[in-house]
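Only one structure is covered here, and it is reproduced in the block below.
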Amino acid sequence: MVMQLSAPLELRGLSIYKGLIPRDAQEEMVEALRDVTRAAPLFSPMTPYGKPMSVRMTSAGRFGWVSDRRGYRYSETHPEGQPWPPIPASILGAWTAVAPEARMPECCLVNFYAAGARMGLHQDRDEADFSQPVVSVSLGDDALYRVGNKTRGGSTESVWLSSGDVMVMGGEARLLYHGIDRIKPGTSTLLRGGGRINLTLRVVT
DNA sequence: AAGTCTCC
DNA sequence: AGAT
């Protein structure tokens, strides 16, 4: 897939490519994700302290991200025991478009936000090589994304992410705290039934 | 604390 | 924004 990169919006070192993915490519990704969720159904991860996350998730690739009473980690199997399905080619195209120099991703974490789902501020730090970026793809309803600092506390800034936006968290921005404060229902027609899917592609090892 | 709550 |  060939994409024309315009200058991204920069926010605390994050690069946000607004509207990078055309509608037809978004639809292709959603269709491919149906195969992913058939093989690896969405689940509600349990936090280590006993409360389930409001976001439902699954993964594709060699590794998937899981959370339970034992903590956060990458696993080569879904909680039900099966290996994760491969990362769809249409989704890998987004990675190569914005991170052509990086290693290929080993995990595509699929986060589904229904109206009301949120994700608190956190770091992506379960990977072995922080020199490799994390690439995020937004599909469906708009989401209010918040970014903070490399340590907890301090000021934060927010930006609305829309369907087709692609964000790169790399370099100095790789370990910034970030999260999703809210979803704006009815702002996209991409997903029947509404909601938002966020894909985060990562190198794990 | 990838949640939740409280306080400003 | 900060405690936990």
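Chain identifiers are assigned as A, B, and so on, following the order in which chains appear in the structure tokens; residues are numbered from 1 within each chain, and ligands are numbered from 1 in order of appearance.
What chain B places within 8 Å of chain A, counting only C-alpha atoms (C1' of nucleotides), is DA1, DA2 and DG3 of chain B.
Proximity to chain C at a cut-off of 9 Å picks out A:Gly153, A:Gly154, A:Ser155 on chain A, counting only C-alpha atoms (C1' of nucleotides).
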Please produce a file of the residues just selected, as a tab-separated table (two decimals), in the first residue's frame, where the atoms kept are C-alpha atoms.
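Result file follows (result-v6.tsv):
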chain	number	residue	atom	x	y	z
A	153	GLY	CA	2.53	13.32	37.47
A	154	GLY	CA	3.13	16.71	35.93
A	155	SER	CA	1.18	18.42	33.19
**Message:** as a PyMOL selection string, please: every residue in stretch 5-52 of chain A that a backbone DSSP assignment puts in strand (DSSP E).
**Reply:** chain A and resi 9-11+14-17
**alpha helix (DSSP H) positions in stretch 84-124 of chain A, given as a ChimeraX atom specification** = /A:89-98
**Prompt:** Quick one, how far is atom CA of A:Val66 from atom CA of A:Tyr113?
**Reply:**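 Pair atom CA of A:Val66 / atom CA of A:Tyr113 returns 16.5 Å.
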**Message:** Report, in Å with one decimal, the straight-line distance from atom CA of A:Gly61 to atom CA of A:Pro86.
**Reply:**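 Atom-to-atom, atom CA of A:Gly61 to atom CA of A:Pro86, that is 4.7 Å.
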**Nearest candidate to A:Val204 (options A:Leu9, A:Cys107, A:Val168, A:Ile91; using only C-alpha atoms)** = A:Cys107
**Item:** Gap from atom CA of A:Thr156 to atom CA of A:Phe112 - Å, one decimal
**Value:**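 Computed distance, atom CA of A:Thr156 to atom CA of A:Phe112, equals 23.7 Å.
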Name the residues in contact with A:Ser90 at a cut-off of 9 Å, using only C-alpha atoms (C1' of nucleotides), excluding same-chain residues fewer than 4 positions from it; report them as an mmCIF file with all heavy atoms, in the first residue's frame.
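Output (result30.cif):
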data_model
loop_
_atom_site.group_PDB
_atom_site.id
_atom_site.type_symbol
_atom_site.label_atom_id
_atom_site.label_comp_id
_atom_site.auth_asym_id
_atom_site.auth_seq_id
_atom_site.Cartn_x
_atom_site.Cartn_y
_atom_site.Cartn_z
ATOM 1 N N MET A 1 0.854 -1.200 0.000
ATOM 2 C CA MET A 1 0.000 0.000 0.000
ATOM 3 C C MET A 1 0.889 1.248 0.000
ATOM 4 O O MET A 1 1.734 1.436 0.865
ATOM 5 C CB MET A 1 -0.893 -0.014 1.243
ATOM 6 C CG MET A 1 -1.848 1.146 1.297
ATOM 7 S SD MET A 1 -2.682 1.169 2.877
ATOM 8 C CE MET A 1 -3.260 -0.531 2.954
ATOM 9 N N ALA A 25 -9.249 1.624 2.884
ATOM 10 C CA ALA A 25 -8.235 0.839 3.598
ATOM 11 C C ALA A 25 -8.661 0.576 5.040
ATOM 12 O O ALA A 25 -8.375 -0.490 5.606
ATOM 13 C CB ALA A 25 -6.891 1.562 3.566
ATOM 14 N N GLN A 26 -9.363 1.536 5.632
ATOM 15 C CA GLN A 26 -9.904 1.310 6.984
ATOM 16 C C GLN A 26 -10.891 0.144 6.965
ATOM 17 O O GLN A 26 -10.879 -0.715 7.865
ATOM 18 C CB GLN A 26 -10.613 2.568 7.494
ATOM 19 C CG GLN A 26 -9.708 3.774 7.705
ATOM 20 C CD GLN A 26 -10.498 4.999 8.145
ATOM 21 O OE1 GLN A 26 -11.420 4.895 8.963
ATOM 22 N NE2 GLN A 26 -10.151 6.153 7.596
ATOM 23 N N GLU A 28 -10.953 -2.298 4.878
ATOM 24 C CA GLU A 28 -10.202 -3.539 4.670
ATOM 25 C C GLU A 28 -9.618 -4.042 5.991
ATOM 26 O O GLU A 28 -9.627 -5.238 6.287
ATOM 27 C CB GLU A 28 -9.096 -3.287 3.636
ATOM 28 C CG GLU A 28 -8.336 -4.536 3.235
ATOM 29 C CD GLU A 28 -7.271 -4.232 2.173
ATOM 30 O OE1 GLU A 28 -7.219 -3.081 1.672
ATOM 31 O OE2 GLU A 28 -6.494 -5.149 1.870
ATOM 32 N N MET A 29 -9.136 -3.110 6.804
ATOM 33 C CA MET A 29 -8.598 -3.502 8.115
ATOM 34 C C MET A 29 -9.688 -4.083 9.007
ATOM 35 O O MET A 29 -9.477 -5.105 9.673
ATOM 36 C CB MET A 29 -7.961 -2.288 8.799
ATOM 37 C CG MET A 29 -6.679 -1.817 8.150
ATOM 38 S SD MET A 29 -5.997 -0.387 9.045
ATOM 39 C CE MET A 29 -4.571 -0.036 8.021
ATOM 40 N N ALA A 32 -10.448 -7.557 7.968
ATOM 41 C CA ALA A 32 -9.395 -8.483 8.393
ATOM 42 C C ALA A 32 -9.469 -8.748 9.895
ATOM 43 O O ALA A 32 -9.168 -9.853 10.365
ATOM 44 C CB ALA A 32 -8.028 -7.907 8.027
ATOM 45 N N ALA A 94 0.447 -0.049 7.531
ATOM 46 C CA ALA A 94 0.494 1.208 8.286
ATOM 47 C C ALA A 94 1.839 1.357 8.983
ATOM 48 O O ALA A 94 2.405 2.451 9.067
ATOM 49 C CB ALA A 94 -0.648 1.256 9.309
#
**Request:** For A:Thr77, work out the shell of residues within 9 Å, counting only C-alpha atoms (C1' of nucleotides) and skipping chain neighbours fewer than 3 positions away, then give it as JSON, numbers by chain.
**Result:** {"A": [62, 63, 64, 74, 80, 81, 82, 83, 84]}
